[in-house]
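Okay, so here's the structure we're looking at.
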Protein chains: 2
Amino acid sequence: MSNVFKALADPTRRKVLELLRQGPKTAGELAAEFAVSKPTMSAHFAVLREANLVDATRDGKAIIYRIKLSVLEDALLGFAEVFGMKMEGAPVEHPDEED
Amino acid sequence: MSNVFKALADPTRRKVLELLRQGPKTAGELAAEFAVSKPTMSAHFAVLREANLVDATRDGKAIIYRIKLSVLEDALLGFAEVFGMKMEGAPVEHPDEED
DNA sequence: TAGATATTTAGCTAATTATCTAAATGATTG
DNA sequence: CAATCATTTAGATAATTAGCTAAATATCTA
């Protein structure tokens with residue numbers, strides 16, 4: 001759980017998650033959106049993977065990243081609960097997500 | 001906003017916020033709950049202050065910390081919204097909070 | 001199988017962070 | 001007003017992090 005917050009602490013990684021919210025994207029497609037090198041982006045992806053916030057699958061040459069919305073939701077929800085906040089999951093369109 | 005997530009990235013600071021959820025506490029009372037030195041705790045408090053997540057007021061010798069629940073809520077809510085999550089504030093018992 | 005393409009790993013550096021002890025500041029009290 | 005109490009600031013160190021370039025790995029294609 002601490003890993004999730006660590007992952008969210010960096011603006012680049014939050015932006016990656018936002019982009020993935022629109023649908024799965026390859027490492028290259030994601031990297032193209034940022035002004036840092038691909039190895040740097042790869043390291044960010046690794047942090048997101050370790051936090052279990054994204055899922056990576058190879059498709060030919062490319063590696064496709066998908067957000068694991070439910071993990072993000074559970075973390076936020078669990079945290080919010082401690083503070084008496086109520087939270088509901090996205091009502092629709094979870095990009096198909098399985099683990 | 002990034003400051004809020006940075007502040008939440010550390011488990012000690014999240015625990016401090018949880019303790020403050022129960023009501024205002026002095027720096028010393030908070031520090032007593034952790035196994036690190038007071039200067040270390042003081043640095044954690046500074047991070048929380050910079051993130052605007054807590055409010056500090058002096059009362060005699062002691063400094064009293066209060067959580068600013070609305071700031072935490074707004075940050076979580078704003079972030080959750082991007083991901084299509086719906087979130088409501090705590091229905092009751094915000095510890096009296098003014099800025 | 002020899003490129004070409006996509007991504008990650010290795011190895012490095014600079015900046016940031018969490019931690020400590022010792023010293024300084026602010027406020028109360030004898 | 002000197003001692004004491006509560007907290008922060010200063011100054012140091014070790015660990016972590018974000019960034020880079022160069023090299024390695026994995027896959028496809030000509």
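In the structure tokens, the first chain shown is A, the next is B, and so on; residue numbers restart at 1 for each chain, and ligands run from 1 in the order shown.
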Interface residues on chain C facing chain A, 10 Å, only C-alpha atoms (C1' of nucleotides), written as a VMD selection string: chain C and resid 5 to 9
Picked from chain A by DSSP as strand (DSSP E or B), as a VMD selection string: chain A and resid 25 to 26 54 to 59 62 to 67 86 to 88
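Non-sequential neighbours of Ala51 (chain B) (distance at most 7 Å, separation of 3 or more positions within a chain, only C-alpha atoms (C1' of nucleotides)) are Asn3, Val4, Ala7, Val47 and Leu48 of chain B.
The gap separating CA of Leu8 (chain B) from CA of Arg49 (chain B) is 12.1 Å, in Å to one decimal.
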Interface, chain D side, toward chain B (12 Å; only C-alpha atoms (C1' of nucleotides)) as a list in words: DT4, DC5, DA6, DT7, DT8, DT9 and DA10 of chain D
List every residue of chain B that has an atom at most 10 Å from any atom of chain A, giving for each one its closest atom pair and the distance in Å to one decimal, counting only C-alpha atoms, sorted by chain and then by ascending residue number, as a tab-separated table.
```
residue	atom	partner	partner_atom	distance
B:Met1	CA	A:Pro11	CA	9.6
B:Ser2	CA	A:Ala9	CA	6.7
B:Asn3	CA	A:Ala9	CA	8.0
B:Val4	CA	A:Ala9	CA	8.2
B:Phe5	CA	A:Ala9	CA	4.7
B:Lys6	CA	A:Ala9	CA	4.7
B:Ala7	CA	A:Ala9	CA	8.1
B:Leu8	CA	A:Phe5	CA	6.4
B:Ala9	CA	A:Lys6	CA	4.7
B:Asp10	CA	A:Ser2	CA	7.3
B:Pro11	CA	A:Ser2	CA	6.7
B:Arg14	CA	A:Phe79	CA	9.2
B:Leu17	CA	A:Phe83	CA	8.8
B:Glu18	CA	A:Val82	CA	7.1
B:Leu20	CA	A:Phe83	CA	9.9
B:Arg21	CA	A:Phe83	CA	6.7
B:Gln22	CA	A:Phe83	CA	9.4
B:Leu69	CA	A:Phe83	CA	8.0
B:Leu72	CA	A:Ala80	CA	9.2
B:Glu73	CA	A:Met85	CA	7.7
B:Leu76	CA	A:Leu76	CA	7.6
B:Leu77	CA	A:Met87	CA	8.8
B:Phe79	CA	A:Arg14	CA	9.2
B:Ala80	CA	A:Leu76	CA	7.9
B:Glu81	CA	A:Ala90	CA	8.9
B:Val82	CA	A:Glu18	CA	7.1
B:Phe83	CA	A:Arg21	CA	6.7
B:Gly84	CA	A:Ala90	CA	4.8
B:Met85	CA	A:Ala90	CA	4.2
B:Lys86	CA	A:Glu88	CA	5.1
B:Met87	CA	A:Met87	CA	3.9
B:Glu88	CA	A:Lys86	CA	5.1
B:Gly89	CA	A:Met85	CA	4.9
B:Ala90	CA	A:Met85	CA	4.2
B:Pro91	CA	A:Met85	CA	7.4
B:Val92	CA	A:Gly84	CA	7.9
B:Glu93	CA	A:Gly84	CA	8.6
B:His94	CA	A:Gly84	CA	8.9
```
Contacts of DT13 (chain D) at 12 Å (only C-alpha atoms (C1' of nucleotides); same-chain gap of 4+ positions) as number ranges by chain: C: 17-21
All helix (DSSP H, G or I) residues (DSSP, backbone) inside chain B, as a PyMOL selection string: chain B and resi 2-8+11-21+27-31+38-50+69-82
Go ahead and save the picked residues with C-alpha atoms, as a CSV table (one decimal), in the first residue's frame.
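Result file follows (again_39.csv):
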```
chain,number,residue,atom,x,y,z
B,2,SER,CA,2.1,17.2,-5.9
B,3,ASN,CA,3.1,18.2,-2.4
B,4,VAL,CA,0.1,16.4,-1.0
B,5,PHE,CA,1.1,13.2,-2.6
B,6,LYS,CA,4.7,13.6,-1.6
B,7,ALA,CA,3.6,14.1,1.9
B,8,LEU,CA,1.4,11.0,1.8
B,11,PRO,CA,4.0,6.0,6.2
B,12,THR,CA,5.0,8.0,9.3
B,13,ARG,CA,3.3,11.1,7.9
B,14,ARG,CA,0.2,9.1,6.9
B,15,LYS,CA,0.1,7.8,10.5
B,16,VAL,CA,0.4,11.3,11.9
B,17,LEU,CA,-2.6,12.4,9.8
B,18,GLU,CA,-4.5,9.4,11.1
B,19,LEU,CA,-3.7,10.4,14.7
B,20,LEU,CA,-4.8,13.9,14.0
B,21,ARG,CA,-8.0,12.7,12.7
B,27,ALA,CA,4.1,17.9,18.5
B,28,GLY,CA,5.3,16.1,21.6
B,29,GLU,CA,2.2,13.9,21.8
B,30,LEU,CA,2.5,13.0,18.2
B,31,ALA,CA,6.3,12.3,18.5
B,38,LYS,CA,11.9,14.6,17.8
B,39,PRO,CA,13.9,16.5,15.2
B,40,THR,CA,13.0,13.8,12.7
B,41,MET,CA,9.3,14.2,13.6
B,42,SER,CA,9.6,17.9,13.4
B,43,ALA,CA,10.9,17.5,9.8
B,44,HIS,CA,7.9,15.3,9.0
B,45,PHE,CA,5.6,18.0,10.5
B,46,ALA,CA,7.2,20.6,8.2
B,47,VAL,CA,6.5,18.5,5.1
B,48,LEU,CA,2.8,18.2,6.2
B,49,ARG,CA,2.7,21.9,6.8
B,50,GLU,CA,4.2,22.7,3.4
B,69,LEU,CA,-9.2,17.5,6.4
B,70,SER,CA,-10.7,19.6,3.6
B,71,VAL,CA,-7.3,19.9,1.9
B,72,LEU,CA,-6.8,16.2,2.1
B,73,GLU,CA,-10.3,15.6,0.7
B,74,ASP,CA,-9.9,18.1,-2.1
B,75,ALA,CA,-6.7,16.5,-3.2
B,76,LEU,CA,-8.0,13.0,-3.1
B,77,LEU,CA,-11.3,14.0,-4.7
B,78,GLY,CA,-9.6,15.9,-7.5
B,79,PHE,CA,-7.3,13.0,-8.2
B,80,ALA,CA,-10.1,10.4,-8.0
B,81,GLU,CA,-12.2,12.4,-10.4
B,82,VAL,CA,-9.6,12.1,-13.2
```
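In this structure, C1' of DA22 (chain D) sits 14.9 Å away from C1' of DT13 (chain C).
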